[in-house]
Amino acid sequence: MSDAEAPLSARVRRLLEAAPEDRLPLTYQRLAEALALTPPRTIRRVALALEQLMREDAAAGRPFIAALVVSRQGEGLPRTGFFELAVELGRFPQDPARHAEAWREEFRRAVAGREGHNDQA
């Protein structure tokens with residue numbers, strides 16, 4: 001199966017695992033562009049793929065690789081759906097005031113846990 005035929009979530013994981021550390025985090029838009037997605041609903045498709053990866057990572061006890069993707073709007077954090085799912089999966093605290101701190105820690109864990117994360121060494 002070619003990369004173009006692989007499920008979008010698998011393509012997203014491969015791209016995030018291979019991204020140079022100095023390019024992280026990626027925005028949803030940059031990820032969509034890197035995947036060569038075309039409208040309509042490109043960001044929505046990226047978000048759904050990231051949610052799938054979060055479920056897979058939670059089930060496998062891995063850091064959320066989806067933590068490497070942020071919104072270009074606001075404070076450089078993921079979208080609300082990331083935090084809602086992280087809480088639902090039992091990974092983040094219920095208290096929204098603690099979400100940014102939890103995301104920063106998850107981001108560090110995700111960077112450290114990537115296969116080939118020492119590309120910049």
# chains A, B, ... in the order shown; residues from 1 in each chain; ligands from 1
>>> closest_atom_pairs(of="stretch 26-81 of chain A", to="stretch 11-17 of chain A", cutoff="12 Å", atoms="only C-alpha atoms", output="CSV")
residue,atom,partner,partner_atom,distance
A:Leu26,CA,A:Leu16,CA,8.5
A:Thr27,CA,A:Leu16,CA,11.3
A:Tyr28,CA,A:Val12,CA,10.8
A:Arg30,CA,A:Leu15,CA,11.3
A:Leu31,CA,A:Val12,CA,7.9
A:Ala32,CA,A:Val12,CA,9.1
A:Glu33,CA,A:Val12,CA,11.4
A:Ala34,CA,A:Leu15,CA,8.1
A:Leu35,CA,A:Val12,CA,7.5
A:Ala36,CA,A:Arg11,CA,10.9
A:Leu37,CA,A:Val12,CA,11.3
A:Arg45,CA,A:Val12,CA,10.7
A:Val46,CA,A:Val12,CA,8.0
A:Ala47,CA,A:Val12,CA,10.3
A:Leu48,CA,A:Val12,CA,10.7
A:Ala49,CA,A:Val12,CA,7.2
A:Leu50,CA,A:Val12,CA,7.5
A:Glu51,CA,A:Val12,CA,11.0
A:Gln52,CA,A:Arg13,CA,10.2
A:Leu53,CA,A:Arg13,CA,7.4
A:Met54,CA,A:Arg13,CA,10.4
A:Glu56,CA,A:Arg13,CA,10.7
A:Asp57,CA,A:Arg13,CA,10.6
A:Phe64,CA,A:Arg13,CA,10.3
A:Ile65,CA,A:Leu16,CA,7.2
A:Ala66,CA,A:Leu16,CA,8.3
A:Ala67,CA,A:Leu16,CA,10.0
A:Leu68,CA,A:Leu16,CA,7.3
A:Val69,CA,A:Leu16,CA,8.7
>>> residues_around(residues="A:Ala58", least_positions_apart="6", cutoff="9 Å", atoms="only C-alpha atoms", output="list in words")
Phe64, Ala86, Leu89, Gly90 and Arg91 of chain A
>>> atom_distance(atom1="atom CA of A:Pro40", atom2="atom CA of A:Ala18")
26.2 Å
>>> select_by_dssp(residues="chain A", states="alpha helix (DSSP H)", output="count of residues only")
61
>>> select_by_dssp(residues="chain A", states="strand (DSSP E or B)", output="list in words")
Leu26, Thr27, Val69 and Val70 of chain A
>>> write_last_selection(atoms="N, CA and C atoms", output="compact mmCIF listing (two decimals), in the first residue's frame")
# COMPACT_ATOMS: atom_id res chain seq x y z
N LEU A 26 3.68 21.67 15.06
CA LEU A 26 3.09 22.04 13.77
C LEU A 26 1.69 22.59 14.02
N THR A 27 1.25 23.49 13.15
CA THR A 27 -0.15 23.91 13.22
C THR A 27 -1.00 22.90 12.44
N VAL A 69 0.65 19.02 17.63
CA VAL A 69 -0.10 19.86 16.69
C VAL A 69 -0.91 20.88 17.47
N VAL A 70 -0.80 22.14 17.04
CA VAL A 70 -1.46 23.24 17.75
C VAL A 70 -2.24 24.11 16.77
>>> atom_distance(atom1="atom CA of A:Phe83", atom2="atom CA of A:Glu101")
11.4 Å
>>> closest_residue(among="A:Leu77, A:Gln29, A:Ala60, A:Ala10", to="A:Arg41", atoms="only C-alpha atoms")
A:Gln29
